[in-house]
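Presented below is the structure to which this report refers.
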Amino acid sequence: MESVRAKREIAARNIPFAVRNLITRRSAWILAGSILAAAVLLGNFDLLSGKTAPTWDAIDYFAPLFSLIADHAKSGRLLLWNPWVNAGSPDFADPQVGASSPALLLFAIIFHNPFFGFLAYWMALWIAGGLGMLLLCRHLKAPVWGALIISLGFLASGVFTANAEHISWICSFSLLPWIVWRFDSAILKRSYWGVVQAAALWGLSALGGYPGPTIIDPLFLALWGIGRLWVDHDELHAVPGSQKKLTYWVTALLVLVVVGTAVLSPAYVSFMRETRGYTWRAGSLDRQFSLASGVLPPAAFGTFASPFLYLLNMQGSKSIWPETDVSMSNIYIGILVTIFGLGALLQVSRWRVWLLAMALLAASCAVGSHLPVRGWLYDLVPPTRYFRMPSLRS
């Protein structure tokens with residue numbers, strides 16, 4: 001009896017320590033998130049302070065459309081057709097415009113000045129990408145300092161910096177870590193509710209994102225799920241038997257597609273109905289065009305070592321990779337992230353081998369017509385016929 005009482009007293013004394021420890025860990029993650037937000041805002045200080053202006057597609061395409069969407073939203077309407085372009089343009093049917101995106105509409109309504117709202121939406125997407133990666137790293141049991149370095153590398157990667165002008169790309173890739181986080185957590189816990197969350201996030205990313213990642217994401221998640229079933233992970237033994245695991249995986253993908261399609265339907269149903277006869281993009285793309293437009297030059301894999309190298313592709317006729325746009329030739333993610341990734345491969349496991357195989361598959365597709373892999377994907381997976389830019393897979 002006295003032994004039990006002593007144990008209870010010891011446990012009671014340890015409760016404050018456990019609470020303090022929990023608060024300390026949470027504070028560390030909150031601090032990491034604050035550092036990510038500060039890095040984005042300080043890195044774009046000249047833009048936010050008005051010393052510089054957005055360039056290229058950001059100022060010529062996305063900012064004016066945001067202003068037009070904001071004008072409609074403040075009048076209690078959605079932007080459907082744009083009468084000032086091409087004698088009438090079905091802007092609501094263009095997913096990357098974001099005319100049906102709840103997130104974009106929220107910023108459009110809140111800010112009185114549409115340009116300030118556009119900048120806020122842009123920065124919020126960028127910060128959200130870092131926070132999503134931070135949460136994904138935490139889910140994968142990374143220490144807070146390692147998660148912070150990886151998240152900073154993600155925010156400073158070629159996807160964000162080289163494509164900062166393409167707000168739809170920022171939207172797609174910022175929400176990807178959130179989608180993977182919820183999907184992976186759902187698989188490990190056998191939770192359909194987690195799959196629904198991932199599906200909703202995927203659909204949300206589609207309502208303001210570039211169609212390419214929208215089509216690729218379910219294929220990526222399917223491969224991720226196969227890897228999780230193949231790997232020998234303790235949490236996966238909660239439901240014994242390969243057949244039960246396979247049944248869950250198939251059902252999870254069906255839930256993902258059905259729920260996600262329902263969320264993205266406002267833009268994509270409109271796209272299929274309203275753009276036929278208006279644009280050739282309403283149908284599948286020519287095979288050669290799909291393979292050769294926006295490829296990642298094989299030599300551009302060298303950009304992993306330097307964020308400067310890809311800028312040599314801006315030299316006009318002297319560009320080092322004239323076959324592609326400068327925004328499509330940068331895979332830099334930070335040298336520390338690269339070192340961590342290579343170091344992780346030293347501890348061989350089936351899960352890490354599977355991730356490496358997925359990365360090699362993506363790299364093989366990214367070079368487009370330089371290898372046959374993208375062509376095989378075009379022939380065997382019909383949805384991949386609807387977009388170009390093989391470099392998206394890098």
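Chain lettering (A, B, ...) mirrors the order of the structure tokens, residue numbering begins at 1 for each chain separately, and ligand numbering begins at 1 in order of display.
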
For this session: Show which residues sit within 10 Å of Thr251 (chain A), as a ChimeraX atom specification. Count only C-alpha atoms, and ignore same-chain residues fewer than 6 positions away.
Result: /A:192,195,245,257

Export C-alpha atoms of the chosen residues as a PDB file, in the first residue's frame?
ATOM      1  CA  TYR A 192     -10.534   7.673 -43.491  1.00  0.00           C
ATOM      2  CA  VAL A 195      -7.856  10.911 -46.133  1.00  0.00           C
ATOM      3  CA  LYS A 245      -3.691  -3.206 -46.079  1.00  0.00           C
ATOM      4  CA  VAL A 257     -10.319  11.091 -55.650  1.00  0.00           C
TER       5      VAL A 257
END

Problem set entry | Residues flagged helix (DSSP H, G or I) by DSSP in region 80-269 of chain A, as a count of residues only | 148

Exercise. Could you pull the residues within 9 Å of region 373-382 of chain A, counting only C-alpha atoms, minus those fewer than 2 positions along the same chain, as a list in words?
Worked result: Ser284, Arg287, Gln288, Ser290, Leu291, Leu361, Ser364, Cys365, Ala366, Val367, Gly368, Ser369, His370, Leu371, Thr384, Arg385, Tyr386 and Pro390 of chain A

Problem set entry | Who sits within 10 Å of region 321-335 of chain A, only C-alpha atoms, same chain under 5 positions skipped, as a count of residues only | 51

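Closest to Val255 (chain A) among A:Leu119, A:Ala186, A:Ile109, A:Leu285 is A:Ala186, based on only C-alpha atoms.
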
For this session: Using only C-alpha atoms, find the one residue out of A:Asn82, A:Ser185, A:Ser168, A:Thr52 that sits nearest to Gly208 (chain A).
Result: A:Ser168

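Shortest separation to Trp280 (chain A) among A:Asp46, A:Thr214, A:Phe387, A:Val144 occurs at residue A:Phe387, atoms counted being only C-alpha atoms.
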
For this session: Tell me, in Å to one decimal, how far CA of Leu65 (chain A) is from CA of Gly212 (chain A).
Result: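 These atoms are spaced 20.4 Å apart.
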
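The smallest atom-to-atom distance between Leu104 (chain A) and any of A:Ala38, A:Ala357, A:Leu204, A:Ala267, using only C-alpha atoms, is found for A:Leu204.
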
Exercise. For Pro95 (chain A), which residue among A:Phe183, A:Phe289, A:Phe271, A:Tyr278 is the nearest when counting only C-alpha atoms?
Worked result: A:Phe271

Problem set entry | Shell around Pro177 (chain A) at 6 Å using only C-alpha atoms, local window under 4 positions removed, as a ChimeraX atom specification | /A:132-133,181

Problem set entry | Residue neighbourhood Ala200 (chain A), 10 Å, only C-alpha atoms, exclusion window fewer than 6 positions, as number ranges by chain | A: 179, 194, 206, 256-257, 259-264
